[in-house]
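What follows is the content of entry14.txt (compact mmCIF, C-alpha atoms).
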```txt
# COMPACT_ATOMS: atom_id res chain seq x y z
CA MET V 1 -85.25 56.94 13.22
CA VAL V 2 -84.34 55.68 9.72
CA LEU V 3 -86.43 52.68 8.77
CA PRO V 4 -84.84 49.92 6.69
CA THR V 5 -86.16 49.78 3.16
CA SER V 6 -86.72 46.74 0.98
CA SER V 7 -87.28 47.22 -2.72
CA TYR V 8 -88.02 44.66 -5.40
CA ASN V 9 -90.09 43.94 -8.50
CA LEU V 10 -93.19 41.75 -8.48
CA ASP V 11 -92.08 39.43 -11.27
CA ALA V 12 -95.20 37.27 -11.10
CA TYR V 13 -97.60 40.01 -10.14
CA VAL V 14 -100.55 38.57 -12.09
CA ILE V 15 -100.13 35.08 -10.63
CA THR V 16 -101.71 35.19 -7.19
CA SER V 17 -103.65 32.63 -5.18
CA ARG V 18 -105.66 35.38 -3.51
CA PRO V 19 -109.17 36.11 -4.82
CA LEU V 20 -109.65 39.30 -6.82
CA LEU V 21 -111.18 41.44 -4.11
CA ASN V 22 -113.55 44.17 -5.18
CA VAL V 23 -111.45 47.01 -3.77
CA GLN V 24 -112.20 50.23 -5.60
CA PRO V 25 -109.47 52.85 -6.13
CA LEU V 26 -109.24 55.62 -3.55
CA ALA V 27 -108.34 58.11 -6.29
CA THR V 28 -108.43 58.16 -10.07
CA SER V 29 -106.77 60.74 -12.31
CA GLN V 30 -108.13 62.49 -15.35
CA GLU V 31 -107.17 60.93 -18.66
CA VAL V 32 -104.18 62.38 -20.48
CA ARG V 33 -104.34 61.91 -24.25
CA ASP V 34 -101.44 62.50 -26.60
CA ARG V 35 -101.13 61.36 -30.23
CA GLY V 36 -103.39 58.38 -29.75
CA SER V 37 -101.97 57.24 -26.40
CA THR V 38 -104.07 57.47 -23.23
CA PHE V 39 -102.72 57.63 -19.68
CA ILE V 40 -104.70 57.28 -16.44
CA ALA V 41 -103.66 56.56 -12.84
CA ASN V 42 -105.42 54.79 -9.98
CA LEU V 43 -104.41 54.68 -6.32
CA PHE V 44 -105.44 51.65 -4.25
CA PRO V 45 -104.91 50.86 -0.56
CA ALA V 46 -102.18 48.28 0.00
CA THR V 47 -100.43 47.23 3.19
CA SER V 48 -98.35 44.34 1.84
CA SER V 49 -96.82 42.97 -1.34
CA SER V 50 -99.69 40.48 -1.59
CA ASP V 51 -102.12 43.42 -1.51
CA VAL V 52 -100.14 45.01 -4.35
CA ARG V 53 -100.35 41.85 -6.45
CA ALA V 54 -104.08 41.60 -5.81
CA ARG V 55 -104.70 45.26 -6.74
CA VAL V 56 -102.71 45.04 -9.98
CA ALA V 57 -104.44 41.78 -10.92
CA TYR V 58 -107.85 43.30 -10.12
CA LEU V 59 -107.13 46.31 -12.29
CA LYS V 60 -105.95 44.17 -15.22
CA ASP V 61 -108.43 41.31 -14.97
CA VAL V 62 -111.55 43.17 -13.83
CA LEU V 63 -111.51 46.94 -14.31
CA HIS V 64 -109.59 46.86 -17.61
CA LYS V 65 -110.69 43.44 -18.79
CA ALA V 66 -112.76 44.82 -21.66
CA LYS V 67 -109.94 47.08 -22.84
CA PRO V 68 -106.54 45.92 -21.54
CA ALA V 69 -103.86 48.57 -21.18
CA THR V 70 -100.57 48.22 -23.03
CA HIS V 71 -98.69 48.93 -19.79
CA ASP V 72 -99.80 48.95 -16.15
CA ILE V 73 -96.94 50.73 -14.38
CA ALA V 74 -97.05 50.29 -10.61
CA ALA V 75 -95.23 51.58 -7.53
CA TRP V 76 -95.96 50.95 -3.88
CA ARG V 77 -94.93 52.01 -0.39
CA CYS V 78 -96.08 49.91 2.57
CA MET V 79 -95.09 49.80 6.23
CA VAL V 80 -94.75 46.11 7.09
CA LEU V 81 -93.66 43.99 10.02
CA LYS V 82 -90.06 42.83 10.02
CA PRO V 83 -89.54 39.06 9.89
CA ASP V 84 -89.92 37.42 13.32
CA HIS V 85 -91.50 40.55 14.84
CA ASN V 86 -95.05 40.95 16.15
CA GLY V 87 -95.44 44.72 16.35
CA LEU V 88 -95.41 44.87 20.14
CA GLY V 89 -91.94 46.39 20.06
CA GLY V 90 -93.19 49.62 18.57
CA PRO V 91 -91.87 51.36 15.44
CA ASP V 92 -88.64 49.35 15.46
CA ASP V 93 -90.69 46.24 14.58
CA PHE V 94 -91.59 47.71 11.18
CA GLU V 95 -89.80 48.47 7.95
CA LEU V 96 -90.68 50.33 4.79
CA ASN V 97 -91.40 48.07 1.83
CA VAL V 98 -91.13 49.92 -1.49
CA GLY V 99 -90.95 48.76 -5.06
CA ASN V 100 -92.06 49.35 -8.61
CA LEU V 101 -93.05 47.56 -11.79
CA ASP V 102 -92.32 48.88 -15.30
CA ASP V 103 -94.56 46.37 -17.11
CA GLY V 104 -92.66 46.94 -20.34
CA GLU V 105 -92.36 50.74 -20.00
CA LYS V 106 -88.68 50.88 -19.03
CA TRP V 107 -87.77 53.36 -16.27
CA ALA V 108 -91.42 54.32 -15.70
CA GLY V 109 -91.94 52.46 -12.41
CA ILE V 110 -89.19 54.29 -10.53
CA ARG V 111 -90.65 57.61 -11.67
CA VAL V 112 -94.04 56.73 -10.18
CA GLN V 113 -92.27 55.59 -7.01
CA LYS V 114 -90.48 58.94 -6.72
CA VAL V 115 -93.77 60.80 -7.11
CA MET V 116 -95.21 58.75 -4.22
CA GLU V 117 -92.14 59.54 -2.12
CA SER V 118 -92.47 63.27 -2.82
CA TYR V 119 -96.01 63.22 -1.40
CA ALA V 120 -95.10 60.83 1.46
CA ILE V 121 -97.79 58.38 0.35
CA MET V 122 -97.90 55.30 2.56
CA ASP V 123 -99.76 51.97 2.50
CA ALA V 124 -100.84 52.40 -1.10
CA VAL V 125 -100.07 51.33 -4.65
CA VAL V 126 -100.27 53.72 -7.60
CA ILE V 127 -100.89 52.15 -10.99
CA VAL V 128 -100.51 54.27 -14.12
CA SER V 129 -102.06 52.59 -17.16
CA ARG V 130 -101.07 53.46 -20.71
CA TRP V 131 -102.91 52.51 -23.86
CA TYR V 132 -100.40 52.88 -26.69
CA GLY V 133 -101.76 54.74 -29.69
CA GLY V 134 -99.21 53.79 -32.31
CA THR V 135 -96.95 56.85 -32.08
CA MET V 136 -93.83 56.86 -29.94
CA LEU V 137 -93.87 59.83 -27.53
CA GLY V 138 -90.27 59.77 -26.35
CA PRO V 139 -89.54 61.42 -22.97
CA THR V 140 -92.97 63.10 -23.05
CA ARG V 141 -94.52 59.82 -21.97
CA PHE V 142 -92.74 60.07 -18.63
CA ALA V 143 -94.18 63.56 -18.06
CA HIS V 144 -97.68 62.19 -18.65
CA ILE V 145 -97.05 59.24 -16.32
CA GLU V 146 -95.78 61.55 -13.58
CA THR V 147 -98.68 63.98 -14.07
CA CYS V 148 -101.26 61.23 -13.60
CA ALA V 149 -99.41 59.77 -10.61
CA ALA V 150 -99.15 63.20 -8.96
CA GLU V 151 -102.86 63.85 -9.44
CA VAL V 152 -103.95 60.71 -7.56
CA CYS V 153 -101.36 61.34 -4.83
CA GLN V 154 -102.69 64.87 -4.33
CA GLU V 155 -106.28 63.63 -4.19
CA PHE V 156 -105.31 60.92 -1.71
CA LYS V 157 -103.57 63.44 0.54
CA ARG V 158 -106.62 65.72 0.43
CA SER V 159 -108.90 62.84 1.36
CA GLU V 160 -106.57 61.89 4.24
CA GLU V 161 -106.60 65.48 5.51
CA LEU V 162 -110.40 65.56 5.26
CA ARG V 163 -110.72 62.32 7.26
CA GLU V 164 -108.44 63.75 9.94
CA CYS V 165 -110.44 66.99 9.89
CA ILE V 166 -113.73 65.13 10.41
CA SER V 167 -112.21 63.06 13.21
CA GLU V 168 -111.02 66.24 14.94
CA LEU V 169 -114.44 67.84 14.51
CA ASN V 170 -116.14 64.84 16.11
CA ASN V 171 -113.73 65.03 19.06
CA LEU V 172 -114.30 68.79 19.45
CA ASP V 173 -118.08 68.27 19.27
CA ALA V 174 -117.86 65.79 22.15
CA VAL V 175 -115.70 68.17 24.22
CA LEU V 176 -118.06 71.07 23.56
CA ALA V 177 -121.13 69.02 24.49
CA GLY V 178 -119.46 68.02 27.77
CA LEU V 179 -118.54 71.61 28.62
CA ARG V 180 -122.03 72.89 27.81
CA ALA V 181 -123.48 70.17 30.00
CA GLU V 182 -121.14 71.15 32.81
CA TYR V 183 -122.13 74.80 32.50
CA SER V 184 -125.84 74.02 32.45
CA GLY V 185 -125.52 71.48 35.24
CA SER V 186 -126.96 68.66 33.15
CA SER V 187 -125.73 65.46 31.60
CA PRO V 188 -124.18 65.58 28.10
CA ALA V 189 -126.96 63.18 27.06
CA ASP V 190 -129.65 65.66 28.15
CA GLU V 191 -130.71 67.14 24.79
CA SER V 192 -133.06 69.65 26.41
CA THR V 193 -130.13 71.72 27.66
CA THR V 194 -127.18 70.78 25.46
CA GLY V 195 -128.84 70.18 22.11
CA SER V 196 -128.66 66.96 20.13
CA THR V 197 -125.73 64.70 20.97
CA LYS V 198 -126.06 62.68 17.79
CA PRO V 199 -122.91 62.78 15.63
CA LYS V 200 -123.15 65.54 13.05
CA ASP V 201 -123.25 64.58 9.39
CA TYR V 202 -119.96 65.64 7.81
CA VAL V 203 -120.31 63.43 4.73
CA ASN V 204 -120.47 66.33 2.27
CA LEU V 205 -117.92 68.46 4.07
CA ASP V 206 -115.03 69.93 2.11
CA LEU V 207 -111.61 70.64 3.59
CA VAL V 208 -111.91 74.44 3.56
CA LYS V 209 -115.24 74.43 5.41
CA GLY V 210 -113.95 71.74 7.75
CA ARG V 211 -111.01 73.90 8.81
CA ARG V 212 -113.35 76.83 9.41
CA LEU V 213 -115.60 74.62 11.55
CA ILE V 214 -112.61 73.47 13.60
CA LYS V 215 -111.73 77.08 14.40
CA ALA V 216 -115.36 77.79 15.27
CA ARG V 217 -115.51 74.78 17.62
CA GLU V 218 -112.23 75.79 19.28
CA ASN V 219 -113.56 79.31 19.81
CA ALA V 220 -116.81 77.95 21.25
CA ILE V 221 -114.88 75.69 23.62
CA ARG V 222 -112.78 78.62 24.84
CA SER V 223 -115.94 80.69 25.38
CA VAL V 224 -117.70 78.00 27.41
CA LYS V 225 -114.55 77.36 29.46
CA LEU V 226 -114.40 81.09 30.21
CA LEU V 227 -118.05 81.10 31.33
CA ILE V 228 -117.40 78.11 33.58
CA ALA V 229 -114.32 79.78 35.08
CA LYS V 230 -116.21 83.02 35.73
CA ARG V 231 -119.06 81.19 37.40
CA ARG V 232 -116.62 79.34 39.62
CA GLU V 233 -115.10 82.67 40.63
CA VAL V 234 -118.54 83.99 41.53
CA VAL V 235 -119.34 80.89 43.55
CA THR V 236 -116.00 81.17 45.35
CA ASP V 237 -116.64 84.84 46.16
CA ILE V 238 -120.08 83.98 47.55
CA VAL V 239 -118.67 81.21 49.71
CA VAL V 240 -115.94 83.49 51.03
CA ALA V 241 -118.41 86.28 51.73
CA ASP V 242 -120.75 83.88 53.50
CA ALA V 243 -117.87 82.61 55.63
CA ASP V 244 -116.94 86.20 56.55
CA VAL V 245 -120.52 86.89 57.62
CA ARG V 246 -120.61 83.79 59.78
CA THR V 247 -117.40 84.78 61.53
```
Could you render the structure as structure tokens?
Amino acid sequence: MVLPTSSYNLDAYVITSRPLLNVQPLATSQEVRDRGSTFIANLFPATSSSDVRARVAYLKDVLHKAKPATHDIAAWRCMVLKPDHNGLGGPDDFELNVGNLDDGEKWAGIRVQKVMESYAIMDAVVIVSRWYGGTMLGPTRFAHIETCAAEVCQEFKRSEELRECISELNNLDAVLAGLRAEYSGSSPADESTTGSTKPKDYVNLDLVKGRRLIKARENAIRSVKLLIAKRREVVTDIVVADADVRT
């Protein structure tokens, strides 16, 4: 299904009646320095155009208040409800809202938007800030803007994958605990036979280790299922043998 797309500029992006919420960026790029200019990108969560305005205003008026950037170039992609829809109709009730803001750096906003599209970033706003150093950089400035935008998009995707990995691990842990309880004939809450049922701490987990743990959990689940199946076969054989003896 192709979702309708609305695209526009936030002409009055600093003027907002919403309070400046203390929403920290989900990803921040390394600084890129070139001939006195400095570039840095931040990615914030945003699910509406009002969120975008609030994030840009927060960056300008709070995070960069002490040292305002010359340009705060923004692009956003949000899945929003269509007018007169409530979401109960499923995906057809939503449309993709995209847009960008040059903030004086002509043609820069669309470049950040295209970087977001290439990484399929959704429900977020990427803001690339530039502090002008006095020397014009020509087309090189766009390369720096795209580099910073790509870095935060990559970090955001990695963090999304890690969250999904941890969620899958928690689900597999629950399945494994239930199977072990079934094999031992106890309740999953009985720690004496199944081990601790408290959620494992995956706070410091990295993606590579997480993927290895998922494979390990899947292998453990297959092993316990095999043990359960074999025991059932033994029980069935005993019942059949007992019935033969009785007859």
With only C-alpha atoms as the basis for distance, which of V:Leu207, V:Met122, V:Ala150, V:Ala75 is at the shortest distance from Asp103 in chain V?
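Closest to Asp103 in chain V of all the choices is V:Ala75.
The space separating CA of Ala41 in chain V from CA of Lys67 in chain V comes to 15.1 Å.
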Work out how far apart CA of Lys106 in chain V and CA of Leu63 in chain V are and give it in Å to one decimal.
23.6 Å
So how far away is CA of Glu155 in chain V from CA of Asp206 in chain V, in Å?
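CA of Glu155 in chain V lies 12.5 Å from CA of Asp206 in chain V.
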Of the residues V:Ala220, V:Leu169, V:Met79, V:Leu43, which is the one nearest to Val125 in chain V, using all atoms listed in the file?
V:Leu43
Which is closer to Ala46 in chain V than all the others in V:Val98, V:Leu162, V:Ala108, V:Leu226, using all atoms listed in the file?
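Smallest distance to Ala46 in chain V is found for V:Val98.
Nearest to Gly36 in chain V of all the residues V:Gln24, V:Leu137, V:Asp51, V:Asn97 is V:Leu137, based on all atoms listed in the file.
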Nearest residue to Phe156 in chain V from the set V:Phe44, V:Asp34, V:Asp201, V:His144 (distances using only C-alpha atoms):
V:Phe44
Which polymer residues have any atom within 7 Å of an atom of Ser129 in chain V, counting all atoms listed in the file, with same-chain residues fewer than 2 positions away left out, as a list in words?
Phe39, Ile40, Ala41, Ala69, His71, Asp72, Ile73, Ile127 and Trp131 of chain V
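Among the candidate residues V:Ala74, V:Asn171, V:Asp123, V:Lys200, the one lying nearest to Glu95 in chain V is V:Asp123, with distances computed using all atoms listed in the file.
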Which neighbours of Pro139 in chain V fall inside 12 Å, counting all atoms listed in the file, when residues of the same chain fewer than 6 positions from it are skipped, and could you give them as a ChimeraX atom specification?
/V:105-108,111,145-146
Taking every listed atom of range 138-142 of chain V and adding 4 Å to each side, what centre and edge lengths in Å (one decimal) does the axis-aligned box have, as lines of an AutoDock Vina configuration file?
```
center_x = -92.0
center_y = 61.4
center_z = -22.5
size_x = 13.0
size_y = 11.3
size_z = 15.7
```
Mind writing range 78-94 of chain V to a file for me, with N, CA and C atoms, as a PDB file, in the first residue's frame?
```
ATOM      1  N   CYS V  78       7.027  11.495   9.927  1.00  0.00           N
ATOM      2  CA  CYS V  78       6.107  11.059  10.986  1.00  0.00           C
ATOM      3  C   CYS V  78       4.887  10.387  10.370  1.00  0.00           C
ATOM      4  N   MET V  79       4.440   9.297  10.970  1.00  0.00           N
ATOM      5  CA  MET V  79       3.198   8.666  10.561  1.00  0.00           C
ATOM      6  C   MET V  79       2.076   9.252  11.403  1.00  0.00           C
ATOM      7  N   VAL V  80       1.138   9.939  10.754  1.00  0.00           N
ATOM      8  CA  VAL V  80       0.094  10.657  11.478  1.00  0.00           C
ATOM      9  C   VAL V  80      -1.289  10.217  10.998  1.00  0.00           C
ATOM     10  N   LEU V  81      -2.276  10.483  11.849  1.00  0.00           N
ATOM     11  CA  LEU V  81      -3.660  10.186  11.474  1.00  0.00           C
ATOM     12  C   LEU V  81      -4.124  11.131  10.370  1.00  0.00           C
ATOM     13  N   LYS V  82      -4.879  10.596   9.435  1.00  0.00           N
ATOM     14  CA  LYS V  82      -5.513  11.447   8.430  1.00  0.00           C
ATOM     15  C   LYS V  82      -6.616  12.267   9.094  1.00  0.00           C
ATOM     16  N   PRO V  83      -6.938  13.429   8.526  1.00  0.00           N
ATOM     17  CA  PRO V  83      -8.048  14.218   9.075  1.00  0.00           C
ATOM     18  C   PRO V  83      -9.337  13.390   9.113  1.00  0.00           C
ATOM     19  N   ASP V  84     -10.082  13.543  10.196  1.00  0.00           N
ATOM     20  CA  ASP V  84     -11.377  12.874  10.374  1.00  0.00           C
ATOM     21  C   ASP V  84     -11.247  11.358  10.458  1.00  0.00           C
ATOM     22  N   HIS V  85     -10.093  10.858  10.885  1.00  0.00           N
ATOM     23  CA  HIS V  85      -9.902   9.429  11.109  1.00  0.00           C
ATOM     24  C   HIS V  85      -9.470   9.217  12.561  1.00  0.00           C
ATOM     25  N   ASN V  86      -9.782   8.036  13.098  1.00  0.00           N
ATOM     26  CA  ASN V  86      -9.469   7.770  14.505  1.00  0.00           C
ATOM     27  C   ASN V  86      -8.462   6.637  14.708  1.00  0.00           C
ATOM     28  N   GLY V  87      -8.004   6.036  13.631  1.00  0.00           N
ATOM     29  CA  GLY V  87      -7.024   4.969  13.751  1.00  0.00           C
ATOM     30  C   GLY V  87      -7.612   3.582  13.827  1.00  0.00           C
ATOM     31  N   LEU V  88      -8.931   3.489  14.044  1.00  0.00           N
ATOM     32  CA  LEU V  88      -9.563   2.174  14.165  1.00  0.00           C
ATOM     33  C   LEU V  88      -9.681   1.478  12.818  1.00  0.00           C
ATOM     34  N   GLY V  89      -9.476   2.210  11.747  1.00  0.00           N
ATOM     35  CA  GLY V  89      -9.579   1.623  10.415  1.00  0.00           C
ATOM     36  C   GLY V  89      -8.301   0.969   9.935  1.00  0.00           C
ATOM     37  N   GLY V  90      -7.299   0.925  10.806  1.00  0.00           N
ATOM     38  CA  GLY V  90      -6.052   0.277  10.424  1.00  0.00           C
ATOM     39  C   GLY V  90      -5.115   1.210   9.680  1.00  0.00           C
ATOM     40  N   PRO V  91      -4.169   0.654   8.932  1.00  0.00           N
ATOM     41  CA  PRO V  91      -3.153   1.459   8.242  1.00  0.00           C
ATOM     42  C   PRO V  91      -3.717   2.526   7.310  1.00  0.00           C
ATOM     43  N   ASP V  92      -4.892   2.284   6.740  1.00  0.00           N
ATOM     44  CA  ASP V  92      -5.468   3.250   5.810  1.00  0.00           C
ATOM     45  C   ASP V  92      -5.878   4.554   6.495  1.00  0.00           C
ATOM     46  N   ASP V  93      -5.913   4.558   7.841  1.00  0.00           N
ATOM     47  CA  ASP V  93      -6.258   5.768   8.577  1.00  0.00           C
ATOM     48  C   ASP V  93      -5.058   6.707   8.739  1.00  0.00           C
ATOM     49  N   PHE V  94      -3.883   6.266   8.296  1.00  0.00           N
ATOM     50  CA  PHE V  94      -2.667   7.044   8.539  1.00  0.00           C
ATOM     51  C   PHE V  94      -2.041   7.501   7.225  1.00  0.00           C
TER      52      PHE V  94
END
```
